[in-house]
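Peer 1: Input: one structure, supplied below.
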Amino acid sequence: MANGGDYLKSPDLLPVTHQKRSIGTFGFAVIWIGMAIVLAAFAIGGSAIMTLSLPMVILATVIGSVLIGVFMTLIGDIGIEHGLSFPVYMRAPFGTIGTHIPSLVRGVTAACWFGLNTYFGAMAINGILNLLFDFNNWFLCFLVFAALQLINTSLGIKSIERFADFAAPVIILISCWMYITLADHATAQGKNVWTWIESPTTGMAAFTAFMVVMMANMGFWATLAADMPTLSRFFKAPKNERNWFKRNKTQLIGSLIVMPITNTFMVTIGAVAYMAVASADPINALQQSASGIVLGVLLLMIVLAQWSTNTSANVIPAATIFSNIGGPKVPFWAGVIIAGVIGIVVQPWSLFGVLVDALLIIGGILTAIVGILFADYYLIRKRRVNVKELYELDGQYKYMNGFNVAGLIAWVIGGALANMFPTYSSLVGFFVGAIVYYVLAKYWWFKKYPQAELNNPSDAEYLGITVGHDWDDIDVQEIEEKKAE
């Protein structure tokens, strides 16, 4: 921070210009298929089928997936319109320093997901080695698999990710095979997969169980809902397009169609796995329903799926956040190590059993952030942002010593109330966070700290791609000169 606001202008944090956006509609759909094949979704299905029938589990998952998909698309417009990443825009509702607090929560959550996915991958590796060599030490596999992924990410090697992208459709086909095999296994035990319930509930108990499945699915993807601008800033979008739906076509298809379908299928497999083998653990389910080379191939695909998801959706975002918070003293590779240490210390092998409860807590905390972003971007600023000031340490977003107190208060209240009503956690978090922030910011905080885009809501000055503005005029020449010295 010694060089004033220079640390705010890291090249990785600058707006992505129109010509540098490379991800189209099909590309985002493929990315979603790769990201949505997260086997922790099995836990939601396995837990839900205890009290709900499979059609109800599917309905609750679809509704929850579509709702969080709506949140993703709304917040993702920040990246589409202005080319801004999550931690940069968060300087508006939280302040240039305050942004680090919610960003840290997002980073730690991503690190925990890294640990959980590494655990699944390690169990699959252990299964393969047991099949081939009678080897059995899953914890050693866990440590080695974690180290390989962290080294891979630190060095920036992309070959594994490219292969995993190629493998994604293969994994979907294998998932279909898993569903058919597990459903047959359950049927052979006299269970009708569409009507069987372990402990049927009725009335309010059934409604509560339905809402818990909805909220768990929303909590599952709440991290990405908040962080979507970091990805969406690379999406292709037409310049001078004022129609919100046309401008966000790539997001709408990916987050409202592809993600709900893929996520629902994974949850469904988890439910059927529980019927077949009384466990939602995907590795356990495979080992009880397949053998020989078929089992080996299935387990290898699980390894590849976890590796692909971890590097792109968990390690890189977490490491970027830790590096951003730490400044020059914490380079990206150090951020990667921090993410890895957190992912191991949380003992992810213990998380699977409490995953649904954890998702309800995480969902409430993170969707409160999503609500604050929605209120700040749409309701208060009406999509107009003084982008240049986001990169100035002493600019309008400095507020009180770098903190926007309205945002912090709204987040605490939204997250707390969400966890007081866990059955509706994600919805409570979103709406309470949005309402409290709107009232505090509009009628209190921004009276004390005037915002240029509110005093003069000019389209030409403060809108982005809608008016053909690229925000490519952020002055970083001074930074480059200092680096050269």
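Identifiers in the structure tokens: chain A, B, ... in order shown; residue index from 1 per chain; ligand index from 1 in order shown.
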Region 344-427 of chain A near region 109-128 of chain A within 7 Å: what's each residue's closest atom pair and its distance in Å to one decimal, counting only C-alpha atoms, ordered by chain then ascending residue number, as a Markdown table?
Peer 2:
| residue | atom | partner | partner_atom | distance |
| --- | --- | --- | --- | --- |
| A:Ile344 | CA | A:Gly115 | CA | 5.7 |
| A:Val346 | CA | A:Cys112 | CA | 6.8 |
| A:Pro348 | CA | A:Leu116 | CA | 4.8 |
| A:Trp349 | CA | A:Tyr119 | CA | 6.3 |
Peer 1: Run DSSP on the backbone and tell me which residues of region 79-308 of chain A come out as alpha helix (DSSP H); list them as number ranges by chain.
Peer 2: A: 79-82, 86-89, 91-94, 100-133, 138-155, 159-188, 203-232, 244-247, 249-253, 259-277, 282-289, 292-308
Peer 1: Give me, please, the distance in Å between CA of Gly76 (chain A) and CA of Lys442 (chain A), quoted to one decimal.
Peer 2: 22.7 Å
Peer 1: I'd like the neighbourhood of Ile63 (chain A) as a ChimeraX atom specification, where a residue qualifies if any of its atoms comes within 12 Å (using only C-alpha atoms), though same-chain residues fewer than 6 positions away should be ignored.
Peer 2: /A:56-57,69-70,210-218,256-257,259-261,263-264
Peer 1: Keeping N, CA and C atoms, export the residues of the selection given above as a compact mmCIF listing (two decimals), in the first residue's frame.
Peer 2:
# COMPACT_ATOMS: atom_id res chain seq x y z
N MET A 56 -40.37 -34.82 -5.79
CA MET A 56 -40.32 -33.61 -4.97
C MET A 56 -38.88 -33.10 -4.81
N VAL A 57 -37.92 -34.04 -4.70
CA VAL A 57 -36.50 -33.66 -4.63
C VAL A 57 -36.11 -32.93 -5.91
N GLY A 69 -29.77 -19.16 -10.08
CA GLY A 69 -29.37 -18.78 -11.43
C GLY A 69 -29.81 -17.37 -11.78
N VAL A 70 -30.99 -16.97 -11.31
CA VAL A 70 -31.46 -15.59 -11.50
C VAL A 70 -30.53 -14.62 -10.78
N PHE A 210 -38.93 -29.70 1.94
CA PHE A 210 -38.87 -29.20 0.56
C PHE A 210 -38.04 -27.91 0.50
N MET A 211 -38.31 -27.00 1.44
CA MET A 211 -37.59 -25.72 1.46
C MET A 211 -36.11 -25.91 1.78
N VAL A 212 -35.80 -26.87 2.65
CA VAL A 212 -34.40 -27.13 2.99
C VAL A 212 -33.62 -27.57 1.75
N VAL A 213 -34.24 -28.41 0.91
CA VAL A 213 -33.59 -28.84 -0.33
C VAL A 213 -33.38 -27.63 -1.25
N MET A 214 -34.41 -26.78 -1.36
CA MET A 214 -34.28 -25.57 -2.17
C MET A 214 -33.12 -24.71 -1.68
N MET A 215 -33.10 -24.43 -0.37
CA MET A 215 -32.08 -23.55 0.20
C MET A 215 -30.69 -24.16 0.12
N ALA A 216 -30.60 -25.49 0.27
CA ALA A 216 -29.29 -26.16 0.17
C ALA A 216 -28.72 -25.99 -1.23
N ASN A 217 -29.57 -26.13 -2.25
CA ASN A 217 -29.11 -25.93 -3.62
C ASN A 217 -28.70 -24.48 -3.87
N MET A 218 -29.45 -23.53 -3.29
CA MET A 218 -29.07 -22.13 -3.44
C MET A 218 -27.77 -21.85 -2.70
N LEU A 256 -29.53 -20.29 -16.35
CA LEU A 256 -30.95 -20.60 -16.14
C LEU A 256 -31.40 -21.87 -16.87
N ILE A 257 -30.54 -22.42 -17.72
CA ILE A 257 -30.91 -23.65 -18.43
C ILE A 257 -29.89 -24.76 -18.16
N MET A 259 -27.10 -24.95 -16.13
CA MET A 259 -26.79 -25.25 -14.73
C MET A 259 -27.92 -25.99 -14.02
N PRO A 260 -29.18 -25.51 -14.08
CA PRO A 260 -30.24 -26.25 -13.38
C PRO A 260 -30.39 -27.69 -13.84
N ILE A 261 -30.25 -27.93 -15.15
CA ILE A 261 -30.38 -29.30 -15.67
C ILE A 261 -29.26 -30.18 -15.12
N ASN A 263 -27.14 -29.67 -12.55
CA ASN A 263 -27.15 -29.76 -11.09
C ASN A 263 -28.25 -30.70 -10.60
N THR A 264 -29.44 -30.60 -11.21
CA THR A 264 -30.56 -31.46 -10.82
C THR A 264 -30.24 -32.93 -11.08
Peer 1: Near region 80-84 of chain A, counting only C-alpha atoms, which residues have an atom at most 6 Å away, once you skip same-chain residues fewer than 5 positions from it, shown as a ChimeraX atom specification?
Peer 2: /A:15-16,232-233,464-465
Peer 1: Determine, counting only C-alpha atoms, which protein, DNA and RNA residues have an atom within 12 Å of an atom of Ile151 (chain A); residues of the same chain fewer than 5 positions away are not included. Present the result as a list in words.
Peer 2: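 Final neighbour list, sorted by chain and number: Val144, Phe145, Ala146, Gly156, Ile157, Lys158, Trp307, Thr311, Val315, Ile316, Phe332, Trp333, Ala334, Gly335, Val336, Ile337 and Gly340 of chain A.
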Peer 1: Neighbours of Val405 (chain A) within 8 Å (only C-alpha atoms; same-chain residues fewer than 3 positions away dropped), as a list in words?
Peer 2: Phe94, Met400, Leu408, Ile409 and Trp445 of chain A
Peer 1: Counting only C-alpha atoms, which residue out of A:Phe207, A:Phe220, A:Phe28, A:Phe71 sits closest to Ala43 (chain A)?
Peer 2: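 When distances to Ala43 (chain A) are compared using only C-alpha atoms, the smallest one comes from A:Phe220.
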Peer 1: Quick one: residues within 10 Å of Val412 (chain A), only C-alpha atoms, excluding same-chain residues fewer than 2 positions away - as a list of chain:residue names?
Peer 2: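 In the requested format, the answer is A:Ile365, A:Ala368, A:Ile369, A:Gly407, A:Leu408, A:Ile409, A:Ala410, A:Gly414, A:Gly415, A:Ala416, A:Leu417, A:Ala418, A:Gly429, A:Gly433.
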Peer 1: For the selection just defined, write its residues with N, CA, C and O atoms to a file, as a PDB file, in the first residue's frame.
Peer 2:
ATOM      1  N   ILE A 365     -25.249 -16.339   4.510  1.00  0.00           N
ATOM      2  CA  ILE A 365     -24.181 -15.336   4.610  1.00  0.00           C
ATOM      3  C   ILE A 365     -23.851 -14.749   3.240  1.00  0.00           C
ATOM      4  O   ILE A 365     -23.728 -13.527   3.080  1.00  0.00           O
ATOM      5  N   ALA A 368     -26.704 -12.722   1.361  1.00  0.00           N
ATOM      6  CA  ALA A 368     -26.827 -11.362   1.888  1.00  0.00           C
ATOM      7  C   ALA A 368     -25.915 -10.424   1.095  1.00  0.00           C
ATOM      8  O   ALA A 368     -26.288  -9.285   0.788  1.00  0.00           O
ATOM      9  N   ILE A 369     -24.724 -10.907   0.741  1.00  0.00           N
ATOM     10  CA  ILE A 369     -23.813 -10.126  -0.101  1.00  0.00           C
ATOM     11  C   ILE A 369     -24.434  -9.909  -1.476  1.00  0.00           C
ATOM     12  O   ILE A 369     -24.373  -8.810  -2.040  1.00  0.00           O
ATOM     13  N   GLY A 407     -22.775  -0.997   4.107  1.00  0.00           N
ATOM     14  CA  GLY A 407     -22.642  -2.345   3.559  1.00  0.00           C
ATOM     15  C   GLY A 407     -22.337  -3.370   4.629  1.00  0.00           C
ATOM     16  O   GLY A 407     -22.906  -4.467   4.650  1.00  0.00           O
ATOM     17  N   LEU A 408     -21.446  -3.031   5.547  1.00  0.00           N
ATOM     18  CA  LEU A 408     -21.068  -3.965   6.607  1.00  0.00           C
ATOM     19  C   LEU A 408     -22.246  -4.242   7.545  1.00  0.00           C
ATOM     20  O   LEU A 408     -22.481  -5.396   7.935  1.00  0.00           O
ATOM     21  N   ILE A 409     -22.996  -3.188   7.905  1.00  0.00           N
ATOM     22  CA  ILE A 409     -24.161  -3.381   8.780  1.00  0.00           C
ATOM     23  C   ILE A 409     -25.204  -4.254   8.094  1.00  0.00           C
ATOM     24  O   ILE A 409     -25.762  -5.183   8.698  1.00  0.00           O
ATOM     25  N   ALA A 410     -25.482  -3.970   6.826  1.00  0.00           N
ATOM     26  CA  ALA A 410     -26.485  -4.734   6.074  1.00  0.00           C
ATOM     27  C   ALA A 410     -26.078  -6.198   5.972  1.00  0.00           C
ATOM     28  O   ALA A 410     -26.924  -7.107   6.064  1.00  0.00           O
ATOM     29  N   GLY A 414     -28.275  -9.115   7.535  1.00  0.00           N
ATOM     30  CA  GLY A 414     -28.789 -10.088   6.570  1.00  0.00           C
ATOM     31  C   GLY A 414     -28.325 -11.498   6.863  1.00  0.00           C
ATOM     32  O   GLY A 414     -29.122 -12.447   6.868  1.00  0.00           O
ATOM     33  N   GLY A 415     -27.017 -11.648   7.136  1.00  0.00           N
ATOM     34  CA  GLY A 415     -26.481 -12.970   7.433  1.00  0.00           C
ATOM     35  C   GLY A 415     -27.022 -13.536   8.735  1.00  0.00           C
ATOM     36  O   GLY A 415     -27.328 -14.732   8.826  1.00  0.00           O
ATOM     37  N   ALA A 416     -27.172 -12.681   9.757  1.00  0.00           N
ATOM     38  CA  ALA A 416     -27.677 -13.140  11.055  1.00  0.00           C
ATOM     39  C   ALA A 416     -29.132 -13.593  10.962  1.00  0.00           C
ATOM     40  O   ALA A 416     -29.494 -14.680  11.449  1.00  0.00           O
ATOM     41  N   LEU A 417     -29.982 -12.788  10.323  1.00  0.00           N
ATOM     42  CA  LEU A 417     -31.392 -13.157  10.201  1.00  0.00           C
ATOM     43  C   LEU A 417     -31.566 -14.398   9.331  1.00  0.00           C
ATOM     44  O   LEU A 417     -32.433 -15.240   9.594  1.00  0.00           O
ATOM     45  N   ALA A 418     -30.741 -14.525   8.303  1.00  0.00           N
ATOM     46  CA  ALA A 418     -30.816 -15.710   7.439  1.00  0.00           C
ATOM     47  C   ALA A 418     -30.579 -16.976   8.246  1.00  0.00           C
ATOM     48  O   ALA A 418     -31.253 -17.999   8.044  1.00  0.00           O
ATOM     49  N   GLY A 429     -31.552 -13.989   3.467  1.00  0.00           N
ATOM     50  CA  GLY A 429     -30.280 -13.288   3.317  1.00  0.00           C
ATOM     51  C   GLY A 429     -30.318 -12.271   2.195  1.00  0.00           C
ATOM     52  O   GLY A 429     -29.893 -11.124   2.360  1.00  0.00           O
ATOM     53  N   GLY A 433     -30.582  -8.336   3.239  1.00  0.00           N
ATOM     54  CA  GLY A 433     -29.368  -7.619   2.861  1.00  0.00           C
ATOM     55  C   GLY A 433     -29.664  -6.468   1.912  1.00  0.00           C
ATOM     56  O   GLY A 433     -29.151  -5.353   2.085  1.00  0.00           O
TER      57      GLY A 433
END
Peer 1: Kindly give the distance, in Å, that separates CA of Ala36 (chain A) and CA of Ser199 (chain A), rounded to a single decimal.
Peer 2: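 Computing the Euclidean distance for CA of Ala36 (chain A) and CA of Ser199 (chain A) yields 28.7 Å.
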Peer 1: I need the residue nearest Thr17 (chain A) from this list: A:Ala237, A:Leu359, A:Val297, A:Ile197. Use only C-alpha atoms for the distance.
Peer 2: A:Ala237
Peer 1: Using only C-alpha atoms, which residue out of A:Val345, A:Val272, A:Gly219, A:Phe235 lies closest to Arg247 (chain A)?
Peer 2: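 For Arg247 (chain A), the nearest of the candidates is A:Phe235.
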